[in-house]
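Chemist: Can you read through this structure? Questions will come right after.
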Amino acid sequence: MNEVMRAIYGRRSTRSYLPEQISDESLSLILDAGLWAPTARNMQEIRFAVVRNADIMNEIKADFAACDDRGALARDFDHNAPVFIFLFGPKAWPYSEIDAGIAVENMAIAAEGLGLGSVIIGVIRDFMRSAAGEKWLKRFGLPEDYHFVIGLALGKIKSPTPVHPIAGDRIIML
Ligand SMILES: Cc1cc2nc3c(=O)[nH]c(=O)nc-3n(C[C@H](O)[C@H](O)[C@H](O)COP(=O)(O)O)c2cc1C
């Protein structure tokens with residue numbers, strides 16, 4: 001099968017990861033896939049904050065759990081993946097969500113192509129845009145006119161995710 005189609009068909013949201021890190025080479029290729037994603041008007045404004053440090057991630061997770069009414073359950077929004085990539089875009093740019101969405105899927109497909117698992121994470125968006133979450137933007141060194149758009153948890157797959165059915169009746173052919 002065509003390699004690109006194999007990766008598109010094969011990608012599943014992975015929610016069970018091995019604790020070990022992915023290689024620097026794989027991470028670099030996956031980040032390149034994000035950088036090479038198309039952006040509206042070729043603005044290339046999306047920023048990628050990569051967290052591989054468990055202490056930093058645990059701090060973010062504790063902050064999120066303190067704000068989320070699911071408490072301890074909310075802690076594991078990253079599914080304990082060894083890498084988490086936060087994507088940010090300018091608040092005022094109307095295509096930030098789309099640009100980051102394309103970049104995150106490019107990275108998810110690249111991960112699949114490299115035999116790694118990933119899952120797109122949106123559950124932290126309200127938190128990341130609150131005062132408690134915005135402090136992290138400062139710590140990452142992002143400009144004040146940026147906000148969080150979407151995240152990607154990434155790592156080696158511990159348990160594969162079962163395939164789910166795809167509703168194919170959504171195409172209108174004229
Ligand atoms: C915009 C967006 C936000 C998502 N947020 C989360 C999330 O916060 N946590 C999570 O476990 N999965 C999240 N997912 C993954 C979806 O649940 C998943 O893609 C969907 O169930 C289909 O499964 P599949 O990716 O294995 O095909 C998100 C996916 C998208 C596209």
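Residues are referred to by chain and number: the chain letter is A, B, ... according to the order shown in the structure tokens, the number counts from 1 in that chain, and ligands are numbered separately from 1 in the order shown.
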List every residue of chain A that DSSP, applied to the backbone of this structure, assigns to strand (DSSP E or B), and report them as an NGL selection string.
Modeler: :A and (13 or 17 or 47-51 or 83-90 or 117-121 or 146-155 or 157)
Chemist: Could the residues in this selection be saved with N, CA, C and O atoms as a short mmCIF file (atom, residue, chain, number, x, y, z; two decimals), in the first residue's frame?
Modeler:
```cif
data_model
loop_
_atom_site.label_atom_id
_atom_site.label_comp_id
_atom_site.auth_asym_id
_atom_site.auth_seq_id
_atom_site.Cartn_x
_atom_site.Cartn_y
_atom_site.Cartn_z
N SER A 13 -5.47 6.87 18.06
CA SER A 13 -5.13 7.63 19.26
C SER A 13 -4.61 6.67 20.31
O SER A 13 -5.36 5.81 20.79
N TYR A 17 1.25 4.21 26.98
CA TYR A 17 2.63 4.40 26.51
C TYR A 17 3.65 3.69 27.39
O TYR A 17 3.46 3.57 28.61
N ARG A 47 3.69 28.02 17.28
CA ARG A 47 4.87 27.71 18.10
C ARG A 47 4.65 26.34 18.76
O ARG A 47 3.53 26.00 19.12
N PHE A 48 5.74 25.60 18.94
CA PHE A 48 5.68 24.24 19.46
C PHE A 48 6.52 24.18 20.74
O PHE A 48 7.74 24.38 20.66
N ALA A 49 5.91 23.92 21.88
CA ALA A 49 6.67 23.77 23.12
C ALA A 49 6.72 22.27 23.45
O ALA A 49 5.68 21.64 23.66
N VAL A 50 7.93 21.74 23.49
CA VAL A 50 8.11 20.29 23.67
C VAL A 50 8.54 20.03 25.11
O VAL A 50 9.57 20.55 25.55
N VAL A 51 7.75 19.24 25.83
CA VAL A 51 8.09 18.91 27.22
C VAL A 51 8.42 17.43 27.32
O VAL A 51 7.57 16.57 27.04
N VAL A 83 6.51 12.28 25.90
CA VAL A 83 6.68 13.58 25.23
C VAL A 83 5.32 14.24 25.12
O VAL A 83 4.32 13.57 24.79
N PHE A 84 5.28 15.55 25.40
CA PHE A 84 4.04 16.30 25.16
C PHE A 84 4.41 17.57 24.42
O PHE A 84 5.31 18.31 24.82
N ILE A 85 3.71 17.79 23.30
CA ILE A 85 3.97 18.99 22.49
C ILE A 85 2.75 19.91 22.58
O ILE A 85 1.63 19.50 22.23
N PHE A 86 2.98 21.13 23.09
CA PHE A 86 1.93 22.14 23.18
C PHE A 86 2.04 23.04 21.94
O PHE A 86 3.13 23.54 21.65
N LEU A 87 0.92 23.26 21.26
CA LEU A 87 0.94 24.14 20.08
C LEU A 87 0.21 25.44 20.41
O LEU A 87 -0.91 25.41 20.96
N PHE A 88 0.84 26.55 20.08
CA PHE A 88 0.28 27.87 20.38
C PHE A 88 0.19 28.68 19.09
O PHE A 88 0.99 28.49 18.16
N GLY A 89 -0.78 29.60 19.07
CA GLY A 89 -0.91 30.49 17.92
C GLY A 89 -1.33 31.87 18.39
O GLY A 89 -1.81 32.03 19.52
N PRO A 90 -1.17 32.88 17.53
CA PRO A 90 -1.59 34.23 17.92
C PRO A 90 -3.10 34.28 18.17
O PRO A 90 -3.88 33.76 17.37
N GLY A 117 3.34 6.04 18.73
CA GLY A 117 1.95 6.38 19.00
C GLY A 117 1.81 7.85 19.35
O GLY A 117 2.77 8.50 19.79
N SER A 118 0.59 8.37 19.18
CA SER A 118 0.31 9.75 19.57
C SER A 118 -1.18 9.89 19.82
O SER A 118 -1.97 9.04 19.39
N VAL A 119 -1.53 10.95 20.54
CA VAL A 119 -2.95 11.31 20.65
C VAL A 119 -3.05 12.83 20.75
O VAL A 119 -2.28 13.47 21.48
N ILE A 120 -3.95 13.37 19.96
CA ILE A 120 -4.19 14.82 19.98
C ILE A 120 -4.95 15.14 21.27
O ILE A 120 -5.87 14.42 21.64
N ILE A 121 -4.54 16.22 21.95
CA ILE A 121 -5.15 16.55 23.24
C ILE A 121 -5.71 17.98 23.23
O ILE A 121 -4.97 18.95 23.11
N TYR A 146 -0.16 35.32 22.34
CA TYR A 146 -0.36 33.93 21.91
C TYR A 146 -1.26 33.21 22.89
O TYR A 146 -1.31 33.55 24.07
N HIS A 147 -1.96 32.17 22.40
CA HIS A 147 -2.67 31.28 23.30
C HIS A 147 -2.53 29.82 22.83
O HIS A 147 -2.14 29.56 21.70
N PHE A 148 -2.86 28.93 23.78
CA PHE A 148 -2.77 27.49 23.49
C PHE A 148 -3.87 27.12 22.50
O PHE A 148 -4.99 27.61 22.60
N VAL A 149 -3.54 26.24 21.56
CA VAL A 149 -4.56 25.77 20.62
C VAL A 149 -4.81 24.26 20.80
O VAL A 149 -5.94 23.82 20.99
N ILE A 150 -3.76 23.46 20.77
CA ILE A 150 -3.95 22.00 20.78
C ILE A 150 -2.65 21.36 21.25
O ILE A 150 -1.59 22.01 21.19
N GLY A 151 -2.73 20.11 21.71
CA GLY A 151 -1.53 19.42 22.17
C GLY A 151 -1.42 18.05 21.52
O GLY A 151 -2.37 17.53 20.92
N LEU A 152 -0.23 17.47 21.64
CA LEU A 152 0.00 16.12 21.13
C LEU A 152 0.85 15.35 22.14
O LEU A 152 1.96 15.77 22.47
N ALA A 153 0.27 14.24 22.64
CA ALA A 153 1.04 13.32 23.47
C ALA A 153 1.67 12.30 22.53
O ALA A 153 1.07 11.90 21.54
N LEU A 154 2.88 11.89 22.87
CA LEU A 154 3.69 11.13 21.91
C LEU A 154 4.59 10.14 22.64
O LEU A 154 5.14 10.47 23.69
N GLY A 155 4.73 8.94 22.08
CA GLY A 155 5.65 7.99 22.69
C GLY A 155 5.58 6.62 22.05
O GLY A 155 4.91 6.43 21.03
N ILE A 157 4.35 2.88 21.85
CA ILE A 157 3.04 2.30 22.18
C ILE A 157 3.19 1.12 23.13
O ILE A 157 3.99 0.21 22.88
#
```
Chemist: Go through region 13-83 of chain A and flag each residue having an atom no more than 8 Å from region 133-144 of chain A; for those, report the closest pair of atoms plus their distance in Å to one decimal, using only C-alpha atoms, ordered by chain and rising number, as CSV.
Modeler:
```
residue,atom,partner,partner_atom,distance
A:Ala49,CA,A:Phe140,CA,6.9
A:Ile60,CA,A:Trp136,CA,7.9
A:Asp63,CA,A:Gly133,CA,7.6
A:Phe64,CA,A:Gly133,CA,7.6
```
Chemist: With a distance cut-off of 7 Å and only C-alpha atoms, select the neighbouring residues of region 29-31 of chain A, excluding the residue or stretch itself and same-chain residues fewer than 2 positions from it, and output the selection as a ChimeraX atom specification.
Modeler: /A:25-27,33-35,107,110-111
Chemist: Please report, as a PyMOL selection string, each residue of region 7-157 of chain A to which DSSP assigns helix (DSSP H, G or I) when run on this structure's backbone.
Modeler: chain A and resi 7-10+24-35+40-42+54-67+72-75+96-113+125-128+131-140
Chemist: Sorted by chain and rising residue number, which residues of chain A lie within 8 Å of ligand 1, and what are their closest atom pairs and distances in Å to one decimal, counting only C-alpha atoms and all ligand atoms, as CSV?
Modeler:
```
residue,atom,partner,partner_atom_place_in_ligand_line,distance
A:Arg11,CA,ligand 1,26 (O),6.7
A:Arg12,CA,ligand 1,26 (O),3.5
A:Ser13,CA,ligand 1,26 (O),3.7
A:Thr14,CA,ligand 1,26 (O),7.0
A:Arg15,CA,ligand 1,11 (O),6.6
A:Phe77,CA,ligand 1,9 (N),6.3
A:Asp78,CA,ligand 1,9 (N),7.6
A:His79,CA,ligand 1,11 (O),7.3
A:Gly101,CA,ligand 1,1 (C),7.3
A:Val119,CA,ligand 1,15 (C),5.7
A:Ile120,CA,ligand 1,28 (C),4.7
A:Ile121,CA,ligand 1,8 (O),3.7
A:Gly122,CA,ligand 1,5 (N),3.8
A:Val123,CA,ligand 1,8 (O),3.7
A:Ile124,CA,ligand 1,8 (O),6.7
A:Ile150,CA,ligand 1,1 (C),7.0
A:Thr161,CA,ligand 1,26 (O),6.6
A:Pro162,CA,ligand 1,26 (O),7.7
A:Val163,CA,ligand 1,26 (O),6.8
A:His164,CA,ligand 1,27 (O),6.8
```
Chemist: Go ahead and compute the interatomic distance for CA of Asp99 (chain A) and CA of Thr39 (chain A), in Å to one decimal.
Modeler: 5.1 Å
Chemist: Taking only C-alpha atoms into account, which of A:Asp68, A:Glu45, A:Asp55, A:Asp169 comes nearest Ser130 (chain A)?
Modeler: A:Asp68
Chemist: For Arg41 (chain A), which residue among A:Gly10, A:Gly113, A:Pro19, A:Pro94 is the nearest when counting only C-alpha atoms?
Modeler: A:Pro94
Chemist: What separation in Å, quoted to one decimal, exists between CA of Glu97 (chain A) and CA of Ile46 (chain A)?
Modeler: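 Between CA of Glu97 (chain A) and CA of Ile46 (chain A) the gap is 9.4 Å.
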Chemist: Would you please work out which residue, of A:Lys91, A:Ala167, A:Phe127, A:Gln44, is nearest to Ala74 (chain A) when using only C-alpha atoms?
Modeler: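 Among the listed residues, the smallest separation from Ala74 (chain A) belongs to A:Phe127.
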